[in-house]
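> I'd like to ask some things about the structure below.
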Amino acid sequence: MAQAVQEILHLDSFDQVKVHKRDGRTVAFDVDKLQQSIIKASQSKQAETADINLILHQVLANLADIQKANPNDAIEVTTIHHQLVQVLQDQNFNHIAETYLANRQVAEERFANATNIQTRMQGLINKAQDVVNENANKDSKVFNTQRDLTAGIVSKAIGLKMLPKHVANAHLKGDIHIHDLDYNPYAPMTNCSLIDLENMFSNGFKIGNAEVASPKSIQTAAAQTAQIIANVASSQYGGTTVDRIDEVLAPYAEMNYKKNLAIAREWIDGAKKQEAFAKSRTKKDIHDAIQSLEYEINTLYTSQGQTPFTTFGFGLGTSWYEREIQKAIFDIRIEGLGKEKRTAIFPKLVFTLKRGVNLEPKDPNYDIKQLALTCATQRMYPDVLMYDKIVELTGSFKAPMGCRSFLQAWQDKHGQEVNSGRMNLGVVSLNLPRIALEAKGNQERFFSILDERLDIMADALLFRINRVKEAKPENAPILYMHGAFGKRLNEDEPVDLLFNQKRSTISMGYIGLYEIGTAFYGPNWESNPDAKDFTLSVLKTMKQKADHLGDTYGYHFSIYSTPAESLTDRFCELDLEKFGPISDITDKEYYTNSFHYDVRKSPTPFEKLEFEKDYPQYASGGFIHYCEYPNMRQNPKALEAVWDFAYDRVGYLGTNTPIDHCYECGFDGDFEPTDRGFKCPQCGNSNPKTCDVVKRTCGYLGNPQQRPMVNGRHKEISSRTKHLSQSRVNTSFEADGEDAIVYNEPVWGDQIDDQP
């Protein structure tokens with residue numbers, strides 16, 4: 001087709017023809033887009049192929065005449081539309097002309113409706129799924145969430161009008177997705193963060209009218225932690241993480257010990273008995289404080305109408321106090337919430353494995369690793385961080401912000417490494433499967449379109465940076481003035497002091513590496529080295545763009561493997577409308593998150609991790625791996641084998657294992673998916689009041705019976721298969737020249753469910 005176009009236009013290179021878009025951009029003329037418009041309007045890709053070519057060639061001939069008359073001018077996009085309609089009418093294809101004009105009107109109405117507050121409000125009133133189920137952490141039945149959704153509709157409509165027109169248009173078409181439009185750009189709010197809790201405890205802080213002094217006990221420190229989390233979550237959007245919480249809280253547990261020891265010395269004879277009493281009382285103080293903290297977080301509602309998305313990172317502390325805090329976190333999570341002992345959704349627990357601390361039996365905290373394994377088999381959390389690999393990938397060690405967003409290594413002007421008190425400024429995600437479908441098997445064309453879309457993403461992210469910089473410290477005092485973001489600003493100081501020089505990150509997200517591999521190499525491409533190299537080259541290209549932007553503008557642009565909770569549905573739905581059902585791509589009704597192995601296949605955990613391990617080097621701004629297991633409660637050693645295998649391969653690993661529970665019949669395991677949610681396979685119960693259904697929504701857990709998900713996410717979860725073999729694991733591997741390690745003990749497959 002390109003050769004035919006060149007002949008018609010009498011040009012040395014088809015790339016010389018430019019088009020002036022209505023959003024103000026000038027881009028290369030794309031004959032495939034014109035052809036697709038005709039095909040869509042003709043409603044047949046086969047029966048009218050000759051007619052389509054006839055129409056296309058006549059339109060191009062007319063455009064060639066226009067171009068010859070004004071060879072230095074770009075062709076107006078309205079001219080192309082007009083010529084197409086004129087040719088259709090002249091050649092008596094009136095039915096195609098009518099459909100084409102109708103399609104144009106639908107596209108224009110889509111933009112108008114997206115920015116029309118009344119139309120969007122009607123969607124909320126009618127409880128449209130894309131409105132009320134967009135975030136599985138929001139209960140759309142309660143008043144404060146409904147109020148937030150209402151405010152969000154207004155903010156989105158205004159935000160779209162604030163954005164550069166080509167950016168807003170790309171978002172509405174589904175080329176890109178601007179996350180959290182209900183908060184930014186209407187309000188210049190930041191995204192995920194690592195709270196500098198240690199700074200706030202040490203130096204005091206202010207919430208509302210209260211000046212809060214440094215805590216003097218573990219109970220007070222835990223209570224203040226909950227208050228800080230609630231206020232931070234209400235002042236930003238996205239996840240809130242407290243890193244190394246065991247180490248941060250330990251000094252206040254020590255204060256309890258000293259008080260308890262003083263009491264013991266007053267009433268008990270003998271130093272050993274005194275110390276034993278003080279330790280016993282302090283251990284209970286720690287347990288009660290952590291339990292109260294867990295309950296407070298799960299009963300909080302932020303101003304956004306949701307439980308604060310909270311993550312606790314821990315596991316590196318080795319003192320008695322730090323160990324007891326770690327144990328308490330796990331014991332309380334294993335115990336469950338309330339009289340029914342339900343699985344807590346928050347805080348997300350992220351436990352760090354480190355060689356020499358807890359990885360091997362000789363390590364001092366190996367017993368806590370065993371407790372972590374028990375917790376994971378019963379409550380799915382903790383996810384685990386591999387200390388050495390995180391340092392390798394991101395330059396320093398820290399927990400993720402929210403579910404998977406990672407800061408890169410950064411030092412202040414004194415050369416001190418800083419992690420807590422830093423933040424992300426926002427995310428824009430790229431629809432990679434659409435680019436693959438538009439490229440039609442031509443990889444050179446794929447990368448040409450990718451470059452164009454990355455430029456649009458850059459414009460969107462630069463707009464967000466500039467908008468966030470317009471905030472004033474007084475807009476979010478707890479963040480900017482009272483220590484949550486580390487450095488405390490005065491009212492008249494610019495907030496950009498906390499963002500620039502790459503102190504903050506801003507994220508270029510993506511979705512659907514599996515689908516683009518399928519578009520070029522077929523649905524079973526994971527074993528094809530050429531296919532994998534292609535998908536890696538896509539992320540490498542994105543990272544090169546991000547690095548260039550970071551060096552140019554002074555903010556850290558990072559490649560982010562988007563969780564895509566509702567986006568897995570939205571992008572696929574738009575592409576299904578645009579391209580029709582395409583096997584293993586749009587026909588699934590969801591797109592695969594980030595770089596993950598096709599969820600419908602069942603590699604062993606080792607095979608899955610070996611396949612995925614190469615991607616985060618190009619996407620270190622956000623990533624997580626996970627494996628699907630059968631019931632693991634009776635076989636934590638099998639899970640430990642995977643954790644140990646993963647240690648030198650991946651940085652961040654989640655556990656997906658059946659933990660659903662039916663209070664009607666007592667069933668424990670995996671509930672069956674239905675069109676409306678999940679049901680007990682034993683008695684059919686699906687009542688959220690009498691069952692506890694917990695699934696990994698994306699990077700975090702959700703309860704789909706309590707808070708339903710969008711269709712695409714439900715389809716993806718329902719499609720997941722277990723990553724296992726049907727016999728005993730006999731996997732050998734070598735790492736860094738070390739002797740091969742062979743795991744023969746863990747049992748997989750149906751054998752697990754047969755154990756008592």
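Every chain in the structure tokens has a letter given in the order shown (A, B, ...), and although residue numbers restart at 1 in each chain, ligands are simply numbered from 1 in the order shown.
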Mind checking which residues fall within 10 Å of Lys21 of chain A, counting only C-alpha atoms, ignoring those fewer than 2 positions away in the same chain, and posting them as a list of chain:residue names?
A:Lys18, A:Val19, A:Asp23, A:Gly24, A:Arg25, A:Thr26, A:Val27, A:Ala74, A:Ile75, A:Glu76, A:Val77, A:Thr78, A:His166
> Mind checking which residues fall within 12 Å of Ile207 of chain A, counting only C-alpha atoms, ignoring those fewer than 2 positions away in the same chain, and posting them as a PDB file with all heavy atoms, in the first residue's frame?

ATOM      1  N   MET A 200       8.871  12.793  61.664  1.00  0.00           N
ATOM      2  CA  MET A 200       7.690  13.350  62.318  1.00  0.00           C
ATOM      3  C   MET A 200       7.655  12.991  63.795  1.00  0.00           C
ATOM      4  O   MET A 200       7.292  13.817  64.639  1.00  0.00           O
ATOM      5  CB  MET A 200       6.433  12.866  61.600  1.00  0.00           C
ATOM      6  CG  MET A 200       6.358  13.307  60.137  1.00  0.00           C
ATOM      7  SD  MET A 200       4.854  12.786  59.299  1.00  0.00           S
ATOM      8  CE  MET A 200       3.666  13.968  59.961  1.00  0.00           C
ATOM      9  N   GLY A 204       8.112  16.130  66.095  1.00  0.00           N
ATOM     10  CA  GLY A 204       6.746  16.574  66.312  1.00  0.00           C
ATOM     11  C   GLY A 204       6.112  17.034  65.013  1.00  0.00           C
ATOM     12  O   GLY A 204       6.777  17.241  63.998  1.00  0.00           O
ATOM     13  N   PHE A 205       4.801  17.212  65.054  1.00  0.00           N
ATOM     14  CA  PHE A 205       4.074  17.627  63.852  1.00  0.00           C
ATOM     15  C   PHE A 205       2.742  18.222  64.277  1.00  0.00           C
ATOM     16  O   PHE A 205       2.378  18.224  65.464  1.00  0.00           O
ATOM     17  CB  PHE A 205       3.859  16.436  62.916  1.00  0.00           C
ATOM     18  CG  PHE A 205       3.120  15.277  63.545  1.00  0.00           C
ATOM     19  CD1 PHE A 205       1.753  15.138  63.413  1.00  0.00           C
ATOM     20  CD2 PHE A 205       3.814  14.315  64.285  1.00  0.00           C
ATOM     21  CE1 PHE A 205       1.083  14.077  63.999  1.00  0.00           C
ATOM     22  CE2 PHE A 205       3.150  13.245  64.875  1.00  0.00           C
ATOM     23  CZ  PHE A 205       1.777  13.125  64.729  1.00  0.00           C
ATOM     24  N   ASN A 209      -5.706  21.537  64.501  1.00  0.00           N
ATOM     25  CA  ASN A 209      -5.355  22.513  65.525  1.00  0.00           C
ATOM     26  C   ASN A 209      -4.411  21.952  66.580  1.00  0.00           C
ATOM     27  O   ASN A 209      -4.058  22.648  67.531  1.00  0.00           O
ATOM     28  CB  ASN A 209      -6.632  23.018  66.224  1.00  0.00           C
ATOM     29  CG  ASN A 209      -7.553  23.744  65.266  1.00  0.00           C
ATOM     30  OD1 ASN A 209      -7.083  24.486  64.409  1.00  0.00           O
ATOM     31  ND2 ASN A 209      -8.859  23.527  65.404  1.00  0.00           N
ATOM     32  N   ALA A 210      -4.023  20.684  66.408  1.00  0.00           N
ATOM     33  CA  ALA A 210      -3.254  20.023  67.463  1.00  0.00           C
ATOM     34  C   ALA A 210      -1.772  19.983  67.134  1.00  0.00           C
ATOM     35  O   ALA A 210      -1.376  19.499  66.068  1.00  0.00           O
ATOM     36  CB  ALA A 210      -3.777  18.603  67.670  1.00  0.00           C
ATOM     37  N   GLU A 211      -0.961  20.466  68.053  1.00  0.00           N
ATOM     38  CA  GLU A 211       0.487  20.296  67.985  1.00  0.00           C
ATOM     39  C   GLU A 211       0.813  18.974  68.680  1.00  0.00           C
ATOM     40  O   GLU A 211       0.517  18.790  69.855  1.00  0.00           O
ATOM     41  CB  GLU A 211       1.191  21.448  68.703  1.00  0.00           C
ATOM     42  CG  GLU A 211       1.011  22.807  68.046  1.00  0.00           C
ATOM     43  CD  GLU A 211       1.955  23.017  66.872  1.00  0.00           C
ATOM     44  OE1 GLU A 211       2.792  22.116  66.622  1.00  0.00           O
ATOM     45  OE2 GLU A 211       1.857  24.060  66.207  1.00  0.00           O
ATOM     46  N   VAL A 212       1.397  18.046  67.947  1.00  0.00           N
ATOM     47  CA  VAL A 212       1.620  16.702  68.464  1.00  0.00           C
ATOM     48  C   VAL A 212       3.095  16.527  68.791  1.00  0.00           C
ATOM     49  O   VAL A 212       3.959  16.707  67.927  1.00  0.00           O
ATOM     50  CB  VAL A 212       1.172  15.641  67.443  1.00  0.00           C
ATOM     51  CG1 VAL A 212       1.354  14.239  68.024  1.00  0.00           C
ATOM     52  CG2 VAL A 212      -0.283  15.871  67.038  1.00  0.00           C
ATOM     53  N   ALA A 213       3.366  16.172  70.042  1.00  0.00           N
ATOM     54  CA  ALA A 213       4.747  15.992  70.488  1.00  0.00           C
ATOM     55  C   ALA A 213       5.232  14.586  70.186  1.00  0.00           C
ATOM     56  O   ALA A 213       4.454  13.684  69.825  1.00  0.00           O
ATOM     57  CB  ALA A 213       4.844  16.266  71.985  1.00  0.00           C
ATOM     58  N   GLN A 224      -0.391   7.576  66.692  1.00  0.00           N
ATOM     59  CA  GLN A 224       0.018   8.688  65.847  1.00  0.00           C
ATOM     60  C   GLN A 224       0.252   8.237  64.412  1.00  0.00           C
ATOM     61  O   GLN A 224      -0.033   8.980  63.462  1.00  0.00           O
ATOM     62  CB  GLN A 224       1.271   9.345  66.411  1.00  0.00           C
ATOM     63  CG  GLN A 224       1.039  10.122  67.700  1.00  0.00           C
ATOM     64  CD  GLN A 224       2.289  10.856  68.174  1.00  0.00           C
ATOM     65  OE1 GLN A 224       3.291  10.937  67.476  1.00  0.00           O
ATOM     66  NE2 GLN A 224       2.229  11.386  69.393  1.00  0.00           N
ATOM     67  N   GLN A 227      -3.038   8.256  62.692  1.00  0.00           N
ATOM     68  CA  GLN A 227      -3.480   9.625  62.423  1.00  0.00           C
ATOM     69  C   GLN A 227      -2.722  10.226  61.246  1.00  0.00           C
ATOM     70  O   GLN A 227      -3.303  10.894  60.381  1.00  0.00           O
ATOM     71  CB  GLN A 227      -3.285  10.482  63.673  1.00  0.00           C
ATOM     72  CG  GLN A 227      -4.169  10.081  64.843  1.00  0.00           C
ATOM     73  CD  GLN A 227      -3.698  10.713  66.160  1.00  0.00           C
ATOM     74  OE1 GLN A 227      -2.647  11.336  66.213  1.00  0.00           O
ATOM     75  NE2 GLN A 227      -4.488  10.537  67.205  1.00  0.00           N
ATOM     76  N   ILE A 228      -1.429   9.986  61.206  1.00  0.00           N
ATOM     77  CA  ILE A 228      -0.603  10.520  60.116  1.00  0.00           C
ATOM     78  C   ILE A 228      -1.027   9.898  58.790  1.00  0.00           C
ATOM     79  O   ILE A 228      -1.184  10.599  57.781  1.00  0.00           O
ATOM     80  CB  ILE A 228       0.887  10.260  60.399  1.00  0.00           C
ATOM     81  CG1 ILE A 228       1.363  11.134  61.564  1.00  0.00           C
ATOM     82  CG2 ILE A 228       1.731  10.515  59.153  1.00  0.00           C
ATOM     83  CD1 ILE A 228       2.733  10.755  62.093  1.00  0.00           C
ATOM     84  N   ILE A 229      -1.222   8.589  58.778  1.00  0.00           N
ATOM     85  CA  ILE A 229      -1.627   7.907  57.546  1.00  0.00           C
ATOM     86  C   ILE A 229      -2.938   8.475  57.022  1.00  0.00           C
ATOM     87  O   ILE A 229      -3.083   8.756  55.820  1.00  0.00           O
ATOM     88  CB  ILE A 229      -1.735   6.397  57.789  1.00  0.00           C
ATOM     89  CG1 ILE A 229      -0.333   5.785  57.926  1.00  0.00           C
ATOM     90  CG2 ILE A 229      -2.510   5.700  56.665  1.00  0.00           C
ATOM     91  CD1 ILE A 229      -0.330   4.357  58.425  1.00  0.00           C
ATOM     92  N   ALA A 230      -3.915   8.658  57.896  1.00  0.00           N
ATOM     93  CA  ALA A 230      -5.218   9.190  57.470  1.00  0.00           C
ATOM     94  C   ALA A 230      -5.072  10.572  56.861  1.00  0.00           C
ATOM     95  O   ALA A 230      -5.696  10.883  55.833  1.00  0.00           O
ATOM     96  CB  ALA A 230      -6.178   9.225  58.657  1.00  0.00           C
ATOM     97  N   ASN A 231      -4.262  11.412  57.479  1.00  0.00           N
ATOM     98  CA  ASN A 231      -4.118  12.783  56.986  1.00  0.00           C
ATOM     99  C   ASN A 231      -3.289  12.857  55.710  1.00  0.00           C
ATOM    100  O   ASN A 231      -3.590  13.640  54.808  1.00  0.00           O
ATOM    101  CB  ASN A 231      -3.518  13.656  58.081  1.00  0.00           C
ATOM    102  CG  ASN A 231      -4.551  14.116  59.089  1.00  0.00           C
ATOM    103  OD1 ASN A 231      -5.143  15.168  58.946  1.00  0.00           O
ATOM    104  ND2 ASN A 231      -4.805  13.294  60.097  1.00  0.00           N
ATOM    105  N   VAL A 232      -2.243  12.052  55.631  1.00  0.00           N
ATOM    106  CA  VAL A 232      -1.452  12.015  54.397  1.00  0.00           C
ATOM    107  C   VAL A 232      -2.306  11.502  53.246  1.00  0.00           C
ATOM    108  O   VAL A 232      -2.309  12.076  52.147  1.00  0.00           O
ATOM    109  CB  VAL A 232      -0.196  11.143  54.573  1.00  0.00           C
ATOM    110  CG1 VAL A 232       0.466  10.863  53.229  1.00  0.00           C
ATOM    111  CG2 VAL A 232       0.793  11.816  55.512  1.00  0.00           C
ATOM    112  N   SER A 234      -5.407  11.706  52.805  1.00  0.00           N
ATOM    113  CA  SER A 234      -6.410  12.697  52.417  1.00  0.00           C
ATOM    114  C   SER A 234      -5.798  13.895  51.710  1.00  0.00           C
ATOM    115  O   SER A 234      -6.524  14.708  51.141  1.00  0.00           O
ATOM    116  CB  SER A 234      -7.182  13.171  53.660  1.00  0.00           C
ATOM    117  OG  SER A 234      -7.947  12.126  54.216  1.00  0.00           O
ATOM    118  N   SER A 235      -4.480  14.010  51.747  1.00  0.00           N
ATOM    119  CA  SER A 235      -3.807  15.159  51.152  1.00  0.00           C
ATOM    120  C   SER A 235      -3.145  14.822  49.826  1.00  0.00           C
ATOM    121  O   SER A 235      -2.558  15.690  49.185  1.00  0.00           O
ATOM    122  CB  SER A 235      -2.747  15.703  52.125  1.00  0.00           C
ATOM    123  OG  SER A 235      -3.335  16.111  53.344  1.00  0.00           O
ATOM    124  N   ALA A 476      -1.415  21.512  51.625  1.00  0.00           N
ATOM    125  CA  ALA A 476      -1.278  20.186  52.257  1.00  0.00           C
ATOM    126  C   ALA A 476      -0.224  20.303  53.347  1.00  0.00           C
ATOM    127  O   ALA A 476       0.905  19.820  53.182  1.00  0.00           O
ATOM    128  CB  ALA A 476      -0.914  19.129  51.231  1.00  0.00           C
ATOM    129  N   PRO A 477      -0.557  20.946  54.467  1.00  0.00           N
ATOM    130  CA  PRO A 477       0.452  21.227  55.500  1.00  0.00           C
ATOM    131  C   PRO A 477       1.184  19.988  56.006  1.00  0.00           C
ATOM    132  O   PRO A 477       2.391  20.047  56.251  1.00  0.00           O
ATOM    133  CB  PRO A 477      -0.366  21.890  56.618  1.00  0.00           C
ATOM    134  CG  PRO A 477      -1.571  22.441  55.933  1.00  0.00           C
ATOM    135  CD  PRO A 477      -1.875  21.494  54.822  1.00  0.00           C
ATOM    136  N   ILE A 478       0.476  18.863  56.166  1.00  0.00           N
ATOM    137  CA  ILE A 478       1.134  17.684  56.727  1.00  0.00           C
ATOM    138  C   ILE A 478       2.218  17.163  55.786  1.00  0.00           C
ATOM    139  O   ILE A 478       3.230  16.617  56.238  1.00  0.00           O
ATOM    140  CB  ILE A 478       0.111  16.576  57.052  1.00  0.00           C
ATOM    141  CG1 ILE A 478       0.778  15.518  57.956  1.00  0.00           C
ATOM    142  CG2 ILE A 478      -0.456  15.945  55.790  1.00  0.00           C
ATOM    143  CD1 ILE A 478      -0.183  14.587  58.621  1.00  0.00           C
ATOM    144  N   LEU A 479       2.020  17.370  54.491  1.00  0.00           N
ATOM    145  CA  LEU A 479       3.019  16.920  53.525  1.00  0.00           C
ATOM    146  C   LEU A 479       4.212  17.862  53.471  1.00  0.00           C
ATOM    147  O   LEU A 479       5.363  17.440  53.559  1.00  0.00           O
ATOM    148  CB  LEU A 479       2.402  16.805  52.123  1.00  0.00           C
ATOM    149  CG  LEU A 479       1.180  15.908  51.955  1.00  0.00           C
ATOM    150  CD1 LEU A 479       0.760  15.890  50.483  1.00  0.00           C
ATOM    151  CD2 LEU A 479       1.449  14.498  52.445  1.00  0.00           C
ATOM    152  N   MET A 481       4.777  20.979  55.240  1.00  0.00           N
ATOM    153  CA  MET A 481       5.206  21.824  56.359  1.00  0.00           C
ATOM    154  C   MET A 481       5.469  21.051  57.647  1.00  0.00           C
ATOM    155  O   MET A 481       6.166  21.564  58.535  1.00  0.00           O
ATOM    156  CB  MET A 481       4.150  22.909  56.614  1.00  0.00           C
ATOM    157  CG  MET A 481       3.886  23.797  55.398  1.00  0.00           C
ATOM    158  SD  MET A 481       2.479  24.918  55.619  1.00  0.00           S
ATOM    159  CE  MET A 481       3.109  25.997  56.911  1.00  0.00           C
ATOM    160  N   HIS A 482       4.912  19.841  57.782  1.00  0.00           N
ATOM    161  CA  HIS A 482       4.993  19.129  59.060  1.00  0.00           C
ATOM    162  C   HIS A 482       5.688  17.775  58.962  1.00  0.00           C
ATOM    163  O   HIS A 482       5.509  16.927  59.830  1.00  0.00           O
ATOM    164  CB  HIS A 482       3.602  18.982  59.672  1.00  0.00           C
ATOM    165  CG  HIS A 482       2.929  20.295  59.926  1.00  0.00           C
ATOM    166  ND1 HIS A 482       3.515  21.300  60.673  1.00  0.00           N
ATOM    167  CD2 HIS A 482       1.733  20.788  59.505  1.00  0.00           C
ATOM    168  CE1 HIS A 482       2.710  22.345  60.719  1.00  0.00           C
ATOM    169  NE2 HIS A 482       1.627  22.069  60.018  1.00  0.00           N
ATOM    170  N   GLY A 483       6.481  17.562  57.892  1.00  0.00           N
ATOM    171  CA  GLY A 483       7.438  16.474  57.923  1.00  0.00           C
ATOM    172  C   GLY A 483       7.158  15.229  57.132  1.00  0.00           C
ATOM    173  O   GLY A 483       8.050  14.390  56.974  1.00  0.00           O
ATOM    174  N   ALA A 484       5.927  15.014  56.629  1.00  0.00           N
ATOM    175  CA  ALA A 484       5.645  13.772  55.906  1.00  0.00           C
ATOM    176  C   ALA A 484       6.524  13.632  54.670  1.00  0.00           C
ATOM    177  O   ALA A 484       6.929  12.526  54.305  1.00  0.00           O
ATOM    178  CB  ALA A 484       4.171  13.701  55.513  1.00  0.00           C
TER     179      ALA A 484
END
> Neighbours of Asp383 of chain A within 9 Å (only C-alpha atoms; same-chain residues fewer than 6 positions away dropped), as a list in words?
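My reading of the contact set: Lys348, Leu349, Val350, Phe351, Thr352, Ala376, Tyr626, Tyr652, Leu653, Gly654 and Thr655 of chain A.
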> Could you check which of A:Lys327, A:Arg104, A:Arg244, A:Lys722 is closest to Pro630 of chain A, using only C-alpha atoms?
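Among the listed residues, A:Lys722 lies closest to Pro630 of chain A.
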> Work out how far atom CA of Met401 of chain A is from atom CA of Ile456 of chain A, in Å to one decimal.
25.5 Å
> Considering only C-alpha atoms, return as a list of chain:residue names whatever protein or nucleic-acid residues lie within 12 Å of Trp525 of chain A, sequence-local ones (same chain, fewer than 5 positions apart) excluded.
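Counting only C-alpha atoms, the residues come to A:Leu513, A:Tyr514, A:Glu515, A:Ile516, A:Gly517, A:Thr518, A:Ala519, A:Phe520, A:Asp530, A:Ala531, A:Lys532, A:Asp533, A:Phe534, A:Thr535, A:Asp584, A:Tyr597, A:Asp598, A:Lys601, A:Phe611.
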> Please report, as JSON lines, each residue of segment 363-466 of chain A lying at most 12 Å from segment 691-698 of chain A, together with the nearest pair of atoms and the separation in Å rounded to one decimal; use only C-alpha atoms, and order rows by chain and ascending residue number.

{"residue": "A:Gln378", "atom": "CA", "partner": "A:Val694", "partner_atom": "CA", "distance": 11.1}
{"residue": "A:Arg379", "atom": "CA", "partner": "A:Val694", "partner_atom": "CA", "distance": 8.8}
{"residue": "A:Met380", "atom": "CA", "partner": "A:Arg696", "partner_atom": "CA", "distance": 8.6}
{"residue": "A:Tyr381", "atom": "CA", "partner": "A:Arg696", "partner_atom": "CA", "distance": 10.0}
{"residue": "A:Asp383", "atom": "CA", "partner": "A:Arg696", "partner_atom": "CA", "distance": 11.2}
{"residue": "A:Gly402", "atom": "CA", "partner": "A:Cys698", "partner_atom": "CA", "distance": 11.7}
{"residue": "A:Cys403", "atom": "CA", "partner": "A:Cys698", "partner_atom": "CA", "distance": 8.5}
{"residue": "A:Arg404", "atom": "CA", "partner": "A:Cys698", "partner_atom": "CA", "distance": 9.8}
> So that I can see what lies close to Tyr252 of chain A, please list as a PyMOL selection string the residues with an atom at most 7 Å from it, counting only C-alpha atoms and leaving out residues fewer than 6 positions away in the same chain.
chain A and resi 216-218+221
> Could you pull the residues within 8 Å of segment 174-189 of chain A, counting only C-alpha atoms, minus those fewer than 2 positions along the same chain, as a ChimeraX atom specification?
/A:151-156,158-160,162-163,170-172,191,235-237,425-431,434,453,457,460,464,467-471,567,570-571,574-575
